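As stored in target28.txt (compact mmCIF, C-alpha atoms):
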# COMPACT_ATOMS: atom_id res chain seq x y z
CA MET C 1 173.32 31.55 38.31
CA SER C 2 171.43 32.74 35.26
CA GLN C 3 174.70 34.12 33.91
CA ILE C 4 175.88 30.55 33.36
CA LEU C 5 173.43 30.31 30.48
CA LEU C 6 175.32 33.11 28.72
CA TYR C 7 178.79 31.53 28.93
CA PRO C 8 180.07 30.59 25.45
CA PRO C 9 180.05 26.79 25.88
CA VAL C 10 176.58 26.73 27.41
CA ALA C 11 175.18 29.13 24.80
CA PHE C 12 176.75 26.96 22.09
CA ILE C 13 174.99 23.87 23.45
CA ILE C 14 171.68 25.76 23.66
CA PHE C 15 172.01 26.84 20.04
CA LEU C 16 172.95 23.28 19.06
CA LEU C 17 169.62 22.18 20.52
CA VAL C 18 167.82 24.98 18.65
CA GLY C 19 169.52 23.97 15.40
CA TYR C 20 168.67 20.31 15.98
CA MET C 21 165.02 21.23 16.59
CA LEU C 22 164.98 23.23 13.35
CA PHE C 23 166.44 20.22 11.56
CA ARG C 24 163.80 17.90 13.02
CA LEU C 25 161.13 20.40 12.01
CA GLY C 26 162.41 20.24 8.45
CA GLU C 27 162.47 16.46 8.48
CA ALA C 28 158.95 16.37 9.83
CA THR C 29 157.49 18.78 7.27
CA GLY C 30 159.29 17.34 4.30
CA PRO C 31 158.42 14.23 2.31
CA LYS C 32 159.95 11.06 3.65
CA SER C 33 162.95 10.13 1.55
CA GLY C 34 162.14 6.93 -0.30
CA VAL C 35 165.37 5.14 -0.93
CA GLY C 36 165.87 4.63 -4.65
CA ALA C 37 169.14 3.66 -6.26
CA GLY C 38 169.42 6.75 -8.36
CA LYS C 39 168.46 9.25 -5.70
CA ILE C 40 171.15 8.42 -3.18
CA SER C 41 174.00 7.73 -5.55
CA THR C 42 176.82 10.23 -5.67
CA TYR C 43 176.16 13.19 -7.93
CA ALA C 44 178.43 13.26 -10.99
CA CYS C 45 176.50 15.38 -13.50
CA GLY C 46 174.59 12.39 -14.79
CA GLU C 47 177.50 10.02 -15.25
CA ASP C 48 177.78 6.62 -13.60
CA ILE C 49 180.88 6.64 -11.49
CA PRO C 50 181.92 3.57 -9.49
CA GLY C 51 180.84 4.15 -5.94
CA LYS C 52 183.88 4.33 -3.74
CA LYS C 53 185.36 6.83 -1.36
CA VAL C 54 187.41 9.38 -3.28
CA GLN C 55 190.93 10.17 -2.16
CA TYR C 56 192.52 13.43 -3.12
CA SER C 57 196.10 14.50 -2.65
CA TYR C 58 196.72 18.00 -1.41
CA HIS C 59 199.31 20.00 -3.36
CA LEU C 60 199.42 23.09 -1.23
CA PHE C 61 201.00 21.89 2.01
CA HIS C 62 203.56 24.67 1.99
CA ILE C 63 200.75 27.22 2.17
CA ALA C 64 199.27 25.33 5.10
CA PHE C 65 202.57 25.46 7.00
CA PHE C 66 203.08 29.11 6.10
CA PHE C 67 199.63 29.92 7.43
CA THR C 68 200.04 27.96 10.65
CA VAL C 69 203.37 29.57 11.50
CA LEU C 70 202.19 33.11 10.75
CA HIS C 71 198.79 32.70 12.41
CA VAL C 72 200.11 31.34 15.68
CA ALA C 73 203.01 33.82 15.67
CA ALA C 74 200.62 36.75 15.17
CA LEU C 75 198.46 35.67 18.10
CA VAL C 76 201.41 35.03 20.39
CA ILE C 77 202.95 38.40 19.54
CA ALA C 78 199.63 40.16 20.01
CA THR C 79 199.05 38.71 23.46
CA VAL C 80 202.61 38.89 24.84
CA PRO C 81 202.65 40.96 28.04
CA SER C 82 204.79 44.08 28.17
CA GLY C 83 207.99 44.11 30.14
CA GLY C 84 210.91 41.70 30.13
CA VAL C 85 208.85 38.93 28.58
CA ALA C 86 208.55 41.02 25.41
CA LEU C 87 212.18 40.13 24.66
CA LEU C 88 211.18 36.47 24.47
CA GLY C 89 208.44 37.54 22.11
CA ILE C 90 211.00 39.15 19.81
CA ILE C 91 213.10 35.96 19.86
CA TYR C 92 209.94 33.97 19.01
CA LEU C 93 209.24 36.33 16.12
CA LEU C 94 212.80 35.88 14.82
CA ILE C 95 212.39 32.09 14.88
CA ALA C 96 209.07 32.43 13.04
CA LEU C 97 210.74 34.65 10.42
CA ILE C 98 213.52 32.09 9.90
CA THR C 99 210.84 29.41 9.41
CA VAL C 100 209.05 31.58 6.85
CA VAL C 101 212.30 32.20 4.96
CA ILE C 102 213.01 28.46 4.86
CA LEU C 103 209.50 27.83 3.54
CA LEU C 104 209.88 30.48 0.87
CA ILE C 105 213.27 29.24 -0.30
CA ASP C 106 211.98 25.69 -0.70
CA MET R 107 167.20 39.03 35.95
CA GLY R 108 166.79 35.34 36.20
CA VAL R 109 166.91 32.38 33.98
CA ALA R 110 163.82 33.48 32.03
CA MET R 111 165.45 36.74 30.95
CA ALA R 112 168.61 34.91 29.90
CA ILE R 113 166.57 32.44 27.86
CA ILE R 114 164.60 35.28 26.23
CA ASN R 115 167.87 37.05 25.44
CA LEU R 116 169.39 33.92 23.94
CA LEU R 117 166.40 32.82 21.93
CA ILE R 118 164.59 36.02 20.99
CA PHE R 119 166.60 39.23 21.25
CA PRO R 120 169.49 39.55 20.53
CA GLY R 121 169.51 35.81 20.07
CA PHE R 122 168.18 33.41 17.58
CA ILE R 123 164.80 34.74 16.39
CA PHE R 124 165.99 38.32 15.88
CA LEU R 125 169.16 37.06 14.17
CA PHE R 126 167.14 34.74 11.94
CA PHE R 127 164.93 37.52 10.61
CA TYR R 128 167.66 40.14 10.46
CA SER R 129 170.04 37.87 8.55
CA LEU R 130 167.31 37.05 6.03
CA PHE R 131 166.66 40.78 5.69
CA CYS R 132 170.37 41.40 5.07
CA GLU R 133 170.36 38.63 2.47
CA TYR R 134 167.45 40.43 0.79
CA VAL R 135 169.36 43.74 0.82
CA ASP R 136 172.42 42.02 -0.63
CA ARG R 137 170.45 40.32 -3.40
CA LYS R 138 168.49 43.46 -4.20
CA VAL R 139 171.57 45.68 -4.45
CA TYR R 140 173.33 43.03 -6.54
CA ALA R 141 170.31 42.82 -8.85
CA ARG R 142 169.90 46.57 -9.23
CA LEU R 143 173.58 46.91 -10.07
CA GLN R 144 172.99 44.36 -12.83
CA ASN R 145 169.93 46.32 -14.03
CA ARG R 146 167.54 43.62 -12.84
CA VAL R 147 164.54 44.05 -10.56
CA GLY R 148 165.70 41.71 -7.82
CA PRO R 149 163.75 39.58 -5.39
CA PRO R 150 160.93 40.83 -3.15
CA LEU R 151 161.39 41.35 0.57
CA TYR R 152 160.08 37.94 1.64
CA GLN R 153 162.19 35.96 -0.87
CA PRO R 154 164.94 34.73 1.52
CA LEU R 155 162.29 33.68 4.04
CA SER R 156 160.34 31.76 1.43
CA ASP R 157 163.58 30.20 0.16
CA PHE R 158 164.28 28.97 3.68
CA PHE R 159 160.81 27.51 4.13
CA LYS R 160 160.92 25.95 0.69
CA LEU R 161 164.20 24.21 1.47
CA MET R 162 162.92 23.07 4.86
CA SER R 163 159.95 21.40 3.20
CA LYS R 164 162.03 19.54 0.64
CA GLU R 165 163.28 15.99 0.87
CA GLY R 166 166.66 15.79 2.60
CA LEU R 167 168.74 13.08 0.96
CA VAL R 168 171.91 11.53 2.35
CA PRO R 169 174.11 9.94 -0.33
CA GLU R 170 174.88 6.25 0.13
CA MET R 171 178.63 6.76 0.49
CA ALA R 172 178.35 9.72 2.84
CA ASP R 173 178.86 9.54 6.59
CA ARG R 174 175.29 10.08 7.77
CA LYS R 175 176.03 11.41 11.25
CA MET R 176 178.66 13.94 10.14
CA PHE R 177 176.53 14.93 7.15
CA THR R 178 173.71 15.90 9.51
CA ALA R 179 175.86 17.30 12.31
CA VAL R 180 177.84 19.80 10.23
CA PRO R 181 175.00 22.27 9.44
CA ILE R 182 173.73 22.18 13.03
CA PHE R 183 177.17 22.81 14.54
CA GLY R 184 177.96 25.52 11.97
CA MET R 185 174.78 27.39 12.71
CA ALA R 186 175.31 27.12 16.47
CA ALA R 187 178.84 28.53 16.06
CA VAL R 188 177.80 31.67 14.19
CA VAL R 189 174.81 32.41 16.42
CA THR R 190 177.06 32.02 19.48
CA ALA R 191 179.54 34.44 17.88
CA PHE R 192 176.83 37.05 17.36
CA ILE R 193 175.59 37.24 20.94
CA TYR R 194 178.98 38.43 22.23
CA ILE R 195 179.11 41.47 19.93
CA PRO R 196 177.61 44.70 21.31
CA ILE R 197 174.55 45.74 19.34
CA TRP R 198 172.53 48.56 20.84
CA SER R 199 174.83 49.67 23.63
CA ALA R 200 178.47 49.43 24.55
CA ASP R 201 177.85 46.08 26.27
CA SER R 202 176.96 42.85 24.57
CA LEU R 203 174.76 40.24 26.19
CA PHE R 204 177.68 38.96 28.27
CA PRO R 205 180.87 41.03 28.01
CA PHE R 206 184.09 39.46 29.24
CA THR R 207 187.81 40.01 28.67
CA GLY R 208 188.89 38.14 25.59
CA ASP R 209 185.48 38.04 23.94
CA ILE R 210 186.98 39.54 20.79
CA ILE R 211 189.18 36.45 20.40
CA VAL R 212 186.23 34.12 21.08
CA VAL R 213 184.13 35.89 18.42
CA ALA R 214 186.97 35.84 15.88
CA TYR R 215 187.55 32.11 16.39
CA LEU R 216 183.86 31.25 16.31
CA LEU R 217 183.68 33.07 12.96
CA THR R 218 186.53 30.85 11.71
CA LEU R 219 184.48 27.72 12.30
CA PRO R 220 182.05 28.00 9.32
CA ALA R 221 184.93 27.55 6.87
CA LEU R 222 186.07 24.44 8.75
CA PHE R 223 182.52 23.11 8.77
CA LEU R 224 182.30 23.74 5.03
CA PHE R 225 185.43 21.62 4.66
CA LEU R 226 183.91 18.86 6.80
CA ALA R 227 180.68 19.06 4.80
CA GLY R 228 182.52 18.56 1.53
CA TRP R 229 184.83 15.86 2.91
CA HIS R 230 182.02 13.75 4.36
CA SER R 231 179.92 14.01 1.20
CA SER R 232 182.35 11.58 -0.49
CA ASN R 233 181.65 13.41 -3.73
CA VAL R 234 184.53 14.57 -5.95
CA PHE R 235 183.04 18.04 -6.26
CA GLY R 236 182.64 18.17 -2.51
CA ILE R 237 186.22 17.21 -1.81
CA ILE R 238 187.66 19.69 -4.30
CA GLY R 239 185.44 22.42 -2.89
CA ALA R 240 186.40 21.43 0.64
CA PHE R 241 190.12 21.73 -0.09
CA ARG R 242 189.56 25.05 -1.83
CA ALA R 243 187.62 26.32 1.19
CA LEU R 244 190.48 25.32 3.48
CA THR R 245 193.12 26.83 1.20
CA GLN R 246 191.13 30.05 1.12
CA LEU R 247 191.05 29.96 4.91
CA PHE R 248 194.84 30.04 4.87
CA GLY R 249 194.67 33.11 2.66
CA TYR R 250 192.21 35.39 4.37
CA GLU R 251 192.60 34.33 7.99
CA VAL R 252 195.90 36.08 8.75
CA PRO R 253 194.80 39.47 7.31
CA PHE R 254 191.41 39.14 9.01
CA PHE R 255 192.95 38.51 12.41
CA LEU R 256 195.50 41.29 11.94
CA ALA R 257 192.74 43.73 10.96
CA ILE R 258 190.34 42.64 13.71
CA LEU R 259 193.00 42.71 16.42
CA SER R 260 194.40 46.12 15.40
CA PRO R 261 191.87 48.10 17.50
CA ALA R 262 192.56 45.79 20.43
CA LEU R 263 196.30 46.33 20.08
CA ILE R 264 195.91 50.11 19.84
CA THR R 265 193.70 50.39 22.90
CA GLY R 266 195.48 47.64 24.81
CA VAL R 267 192.20 46.04 25.93
CA TRP R 268 190.70 42.75 24.79
CA LYS R 269 187.05 43.46 25.48
CA LEU R 270 184.66 44.68 22.79
CA SER R 271 182.83 46.89 25.31
CA ASP R 272 186.06 48.69 26.20
CA ILE R 273 186.90 49.20 22.52
CA VAL R 274 183.47 50.80 22.00
CA HIS R 275 183.98 53.01 25.06
CA TYR R 276 187.38 54.04 23.71
CA GLN R 277 185.75 55.08 20.44
CA LEU R 278 183.12 57.05 22.35
CA ASP R 279 185.85 59.08 24.06
CA HIS R 280 188.06 59.41 21.00
CA VAL R 281 187.49 59.14 17.28
CA TRP R 282 186.16 56.06 15.49
CA PHE R 283 188.91 53.64 14.54
CA ILE R 284 188.21 53.96 10.83
CA CYS R 285 190.00 57.33 11.02
CA TRP R 286 193.19 55.83 12.40
CA LEU R 287 192.96 52.38 10.79
CA PRO R 288 191.45 52.87 7.31
CA LEU R 289 193.61 50.16 5.72
CA SER R 290 192.60 47.71 8.43
CA PHE R 291 188.96 48.50 7.70
CA ILE R 292 189.47 47.77 4.01
CA VAL R 293 191.40 44.56 4.77
CA ALA R 294 188.69 43.47 7.21
CA ILE R 295 185.92 43.95 4.63
CA ILE R 296 187.83 42.12 1.89
CA SER R 297 188.71 39.27 4.28
CA LEU R 298 185.08 39.09 5.38
CA GLY R 299 184.16 38.64 1.71
CA GLY R 300 186.62 35.75 1.59
CA LYS R 301 185.25 34.28 4.79
CA LEU R 302 181.72 34.32 3.40
CA GLU R 303 182.86 32.72 0.14
CA ARG R 304 181.43 35.57 -1.88
CA VAL R 305 182.59 36.66 -5.31
CA PRO R 306 185.53 37.26 -5.97
CA PHE R 307 186.44 34.55 -3.43
CA ASP R 308 183.81 31.97 -4.25
CA SER R 309 186.02 29.29 -5.82
CA PRO R 310 184.96 26.74 -3.17
CA THR R 311 181.42 27.13 -4.46
CA ALA R 312 182.21 27.83 -8.10
CA GLU R 313 178.93 26.91 -9.78
CA GLN R 314 180.39 26.75 -13.23
CA GLU R 315 183.20 24.41 -12.23
CA ILE R 316 182.30 22.20 -9.31
CA VAL R 317 178.49 22.42 -9.16
CA ALA R 318 178.10 23.62 -5.58
CA GLY R 319 181.38 22.46 -4.13
CA PRO R 320 181.01 21.22 -0.58
CA LEU R 321 177.23 21.69 -0.66
CA ALA R 322 176.71 19.65 -3.84
CA GLU R 323 175.09 16.72 -2.03
CA TYR R 324 173.12 18.79 0.47
CA SER R 325 169.35 19.19 0.15
CA GLY R 326 166.33 19.92 2.28
CA SER R 327 166.65 21.12 5.85
CA ARG R 328 170.42 20.53 5.98
CA LEU R 329 170.94 22.87 3.02
CA ALA R 330 168.56 25.39 4.58
CA LEU R 331 170.66 25.42 7.77
CA MET R 332 173.91 25.79 5.81
CA ARG R 333 172.57 28.76 3.86
CA LEU R 334 171.24 30.28 7.09
CA MET R 335 174.70 29.79 8.59
CA VAL R 336 176.27 31.85 5.81
CA ASP R 337 173.67 34.61 6.19
CA ILE R 338 174.12 34.79 9.97
CA GLU R 339 177.90 34.77 9.46
CA MET R 340 177.51 37.81 7.20
CA VAL R 341 175.55 39.68 9.87
CA ALA R 342 177.98 38.67 12.63
CA GLY R 343 181.00 39.72 10.56
CA ALA R 344 179.40 43.02 9.55
CA THR R 345 178.45 43.74 13.17
CA LEU R 346 181.97 42.93 14.35
CA ILE R 347 183.52 45.30 11.79
CA SER R 348 181.04 48.06 12.60
CA VAL R 349 181.76 47.69 16.32
CA LEU R 350 185.52 47.74 15.85
CA PHE R 351 185.84 50.46 13.22
CA LEU R 352 182.57 52.41 13.06
CA GLY R 353 181.90 52.96 16.74
CA GLY R 354 179.17 50.35 17.23
CA PHE R 355 176.02 51.93 18.60
CA ASP R 356 177.49 55.43 18.63
CA ILE R 357 176.05 58.24 16.52
CA PRO R 358 178.27 61.30 16.89
CA GLY R 359 176.68 64.09 18.80
CA VAL R 360 173.80 62.00 20.12
CA HIS R 361 173.95 61.31 23.86
CA LEU R 362 170.75 59.92 25.31
CA LEU R 363 169.93 58.04 28.46
CA GLY R 364 167.62 55.18 29.20
CA ALA R 365 165.33 53.51 26.68
CA PRO R 366 165.73 56.06 23.81
CA ALA R 367 169.48 55.41 23.90
CA TYR R 368 168.85 51.74 23.15
CA VAL R 369 166.47 52.58 20.30
CA VAL R 370 168.94 55.01 18.74
CA GLY R 371 171.75 52.49 19.27
CA PHE R 372 169.73 49.81 17.50
CA ILE R 373 169.03 52.14 14.55
CA SER R 374 172.74 52.93 14.37
CA PHE R 375 173.55 49.18 14.38
CA VAL R 376 171.12 48.58 11.51
CA ILE R 377 172.51 51.48 9.46
CA LYS R 378 176.11 50.42 9.92
CA THR R 379 175.60 46.73 9.22
CA LEU R 380 173.52 47.53 6.13
CA LEU R 381 176.32 49.82 4.96
CA ILE R 382 178.81 46.96 5.17
CA VAL R 383 176.36 44.58 3.46
CA PHE R 384 175.96 47.20 0.71
CA ILE R 385 179.74 47.40 0.27
CA LEU R 386 179.95 43.59 0.08
CA ALA R 387 177.13 43.50 -2.50
CA CYS R 388 178.91 46.11 -4.63
CA ILE R 389 182.15 44.11 -4.49
CA ARG R 390 180.16 41.04 -5.52
CA ALA R 391 178.75 42.85 -8.56
CA LEU R 392 182.01 44.42 -9.64
CA PHE R 393 184.53 41.60 -9.62
CA ALA R 394 185.05 38.25 -11.29
CA ARG R 395 186.11 35.11 -9.50
CA LEU R 396 189.74 34.70 -8.49
CA ARG R 397 191.50 31.40 -9.01
CA ILE R 398 192.48 29.76 -5.75
CA ASP R 399 196.23 30.36 -6.16
CA GLN R 400 195.58 33.98 -7.21
CA MET R 401 193.46 34.43 -4.12
CA VAL R 402 196.06 33.02 -1.72
CA ASN R 403 198.83 35.01 -3.42
CA MET R 404 196.82 38.20 -3.17
CA CYS R 405 196.03 37.65 0.48
CA LEU R 406 199.52 36.73 1.60
CA LYS R 407 201.34 39.25 -0.62
CA TRP R 408 199.01 42.24 -0.38
CA LEU R 409 196.38 42.01 2.34
CA ALA R 410 198.56 40.70 5.16
CA PRO R 411 201.40 43.21 4.54
CA MET R 412 198.81 46.00 4.23
CA ALA R 413 197.32 45.07 7.59
CA MET R 414 200.76 44.76 9.17
CA PHE R 415 201.86 48.13 7.76
CA GLN R 416 198.70 49.79 9.06
CA LEU R 417 199.29 48.25 12.46
CA LEU R 418 202.88 49.48 12.57
CA VAL R 419 201.82 53.00 11.59
CA ALA R 420 199.09 53.04 14.21
CA LEU R 421 201.42 51.71 16.92
CA GLY R 422 203.94 54.36 15.95
CA LEU R 423 201.29 57.07 16.24
CA LYS R 424 200.26 55.67 19.60
CA PHE R 425 203.78 55.78 20.97
CA ALA R 426 204.18 59.30 19.60
CA GLY R 427 201.15 60.23 21.68
CA ILE R 428 198.96 61.26 18.75
CA ILE R 429 196.30 58.55 19.24
Starting from the file, give its structure as structure tokens.
Amino acid sequence: MSQILLYPPVAFIIFLLVGYMLFRLGEATGPKSGVGAGKISTYACGEDIPGKKVQYSYHLFHIAFFFTVLHVAALVIATVPSGGVALLGIIYLLIALITVVILLID
Amino acid sequence: MGVAMAIINLLIFPGFIFLFFYSLFCEYVDRKVYARLQNRVGPPLYQPLSDFFKLMSKEGLVPEMADRKMFTAVPIFGMAAVVTAFIYIPIWSADSLFPFTGDIIVVAYLLTLPALFLFLAGWHSSNVFGIIGAFRALTQLFGYEVPFFLAILSPALITGVWKLSDIVHYQLDHVWFICWLPLSFIVAIISLGGKLERVPFDSPTAEQEIVAGPLAEYSGSRLALMRLMVDIEMVAGATLISVLFLGGFDIPGVHLLGAPAYVVGFISFVIKTLLIVFILACIRALFARLRIDQMVNMCLKWLAPMAMFQLLVALGLKFAGII
């Protein structure tokens, strides 16, 4: 029964509570934030920028795909059981390699 | 055993309180070594602790455009993730607090989360610097994550077990894995430097370019928790590498039983983690910052192939019966 407290999800929730209590401790010991226009405006090294949500386009999608394919392939290959199923693992690896080659050509 | 013992283990040793003080001590060692290498005096022993208390007592502001709930939740979740990762790594014996099959994968994935939380922190700050830093943090994740996983999983693949306790036992019976997997050890330390956003991989937090990157808008207790998260991540990563490659609690030639074994194991843990912190501090002092595309190129062209080559060599040696 006490072992349940040591399971990863339960331990995570316990540490979430600890972290939240630390945060509340900080809020309690610190000065109350008086809301002034300058204090809560977005930081821009002293410039006045129009306050709106900033959108940013990502130029490195091919690296993201490359990473996803390799990362998942590495984990699947690492955890494939030995025996006949390993052949399927080799086929999976070949498909992953073809994907990587396509990404690199592009 | 009971609930009380489990709570004491989770909160005091080897849980939160011990980890809090030990990570601040490792931050002190890192800053002191870095300072001495730059011919400076460096901070005193209590400096990281006083930094933490200072930040906790400061005003915590939330920018007007930022998502208040996410802004507050990210540091708390990040800190919970790294503390949870630490308690499943063996410290003073072959067994961690709760060993189970597959705990090495759980620890590796929990150590991935801080980078994602850094991205979320920057994204929800709605600050340009934050968003640029957030994307850089994520792009760096793509770079170092594959080599890190390859290096961390190499001992598991060699032994064929997926439990940290069994890997430590294997090293007790045979030689430490650093002898058979030296390249994986090097790749793991370099990738850990990338994971912690330390120089030369600190472009997400490049002070000279984007102020503080994702943490630009953070202040007060939220910033204190984010900094604590990075320190605890350093200790967890160093402990994981020392368990996988340096034998964990083992000191060669020392075989004790009972309570002295735990004391000696703890001293061995401290020595090995401080060694890795020392190596990280030296790397920090020696190198300049890499640009983000240089970093990703280096990781995918050099680190990942190095780790894969080391793995192939080690698997070949294993099938030849040498390991």
Next item on the list: Hey, list the chain R side of the contact with chain C: 6 Å cut-off, only C-alpha atoms, answer as a PyMOL selection string.
Entry: chain R and resi 108-109+162-165+169-170+182+186+190+232+248+252+327
Notebook entry, point to check: Got a sec: who's within 12 Å of R:Cys405, counting only C-alpha atoms, leaving out chain neighbours fewer than 5 positions off, as a list in words?
Noted result: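 The filter keeps Ile63 and Phe67 of chain C; Thr245, Gln246, Leu247, Phe248, Gly249, Tyr250, Glu251, Val252, Pro253, Phe254, Val293, Ala294, Ile296, Ser297, Gly299, Gly300, Phe307, Leu396, Ile398, Asp399, Gln400, Ala410, Pro411, Met412 and Ala413 of chain R.
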Check: What is the distance between atom CA of R:Ala322 and atom CA of R:Val213, in Å to one decimal?
Finding: 28.5 Å
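Proximity to R:Ala330 was assessed for R:Gly148, R:Gly121, R:Gly236, R:Pro181 counting all atoms listed in the file; the smallest distance is recorded for R:Pro181.
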Next item on the list: Have a look at atom CA of R:Val317 and atom CA of R:Ser156 and let me know their distance in Å, one decimal.
Entry: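 Calculated distance between atom CA of R:Val317 and atom CA of R:Ser156 is 23.0 Å.
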Next item on the list: Please identify all polymer residues lying at most 8 Å from the point (175.2, 35.5, 22.8) (file coordinates), using only C-alpha atoms, and present the result as a ChimeraX atom specification.
Entry: /C:6,8,11 /R:115-116,120-121,189-195,202-204
Would you export the selected residues with C-alpha atoms as an mmCIF file, in the coordinates of the input, please?
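And here is the file that came out, result-v7.cif:
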data_model
loop_
_atom_site.group_PDB
_atom_site.id
_atom_site.type_symbol
_atom_site.label_atom_id
_atom_site.label_comp_id
_atom_site.auth_asym_id
_atom_site.auth_seq_id
_atom_site.Cartn_x
_atom_site.Cartn_y
_atom_site.Cartn_z
ATOM 1 C CA LEU C 6 175.320 33.110 28.720
ATOM 2 C CA PRO C 8 180.070 30.590 25.450
ATOM 3 C CA ALA C 11 175.180 29.130 24.800
ATOM 4 C CA ASN R 115 167.870 37.050 25.440
ATOM 5 C CA LEU R 116 169.390 33.920 23.940
ATOM 6 C CA PRO R 120 169.490 39.550 20.530
ATOM 7 C CA GLY R 121 169.510 35.810 20.070
ATOM 8 C CA VAL R 189 174.810 32.410 16.420
ATOM 9 C CA THR R 190 177.060 32.020 19.480
ATOM 10 C CA ALA R 191 179.540 34.440 17.880
ATOM 11 C CA PHE R 192 176.830 37.050 17.360
ATOM 12 C CA ILE R 193 175.590 37.240 20.940
ATOM 13 C CA TYR R 194 178.980 38.430 22.230
ATOM 14 C CA ILE R 195 179.110 41.470 19.930
ATOM 15 C CA SER R 202 176.960 42.850 24.570
ATOM 16 C CA LEU R 203 174.760 40.240 26.190
ATOM 17 C CA PHE R 204 177.680 38.960 28.270
#
Checklist line | Nearest to R:Ala262 by atom-to-atom distance, counting only C-alpha atoms, from R:Gly239, R:Pro366, R:Pro358, R:Gly208 | finding: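 Looking only at the distances to R:Ala262, the closest residue turns out to be R:Gly208.
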Next item on the list: To one decimal in Å, tell me the separation between atom CA of R:Gly354 and atom CA of R:Pro196.
Entry: 7.1 Å
Check: Of the residues R:Leu289, R:Leu331, R:Ala200, R:Cys132, which is the one nearest to R:Ser260, using only C-alpha atoms?
Finding: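 Among R:Leu289, R:Leu331, R:Ala200, R:Cys132, it is R:Leu289 that comes nearest to R:Ser260.
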Test item: axis-aligned box, all listed atoms of stretch 89-95 of chain C, 3 Å on each side, centre and edges in Å rounded to one decimal, as JSON:
{"center_x": 210.8, "center_y": 35.6, "center_z": 18.5, "size_x": 10.7, "size_y": 13.1, "size_z": 13.3}
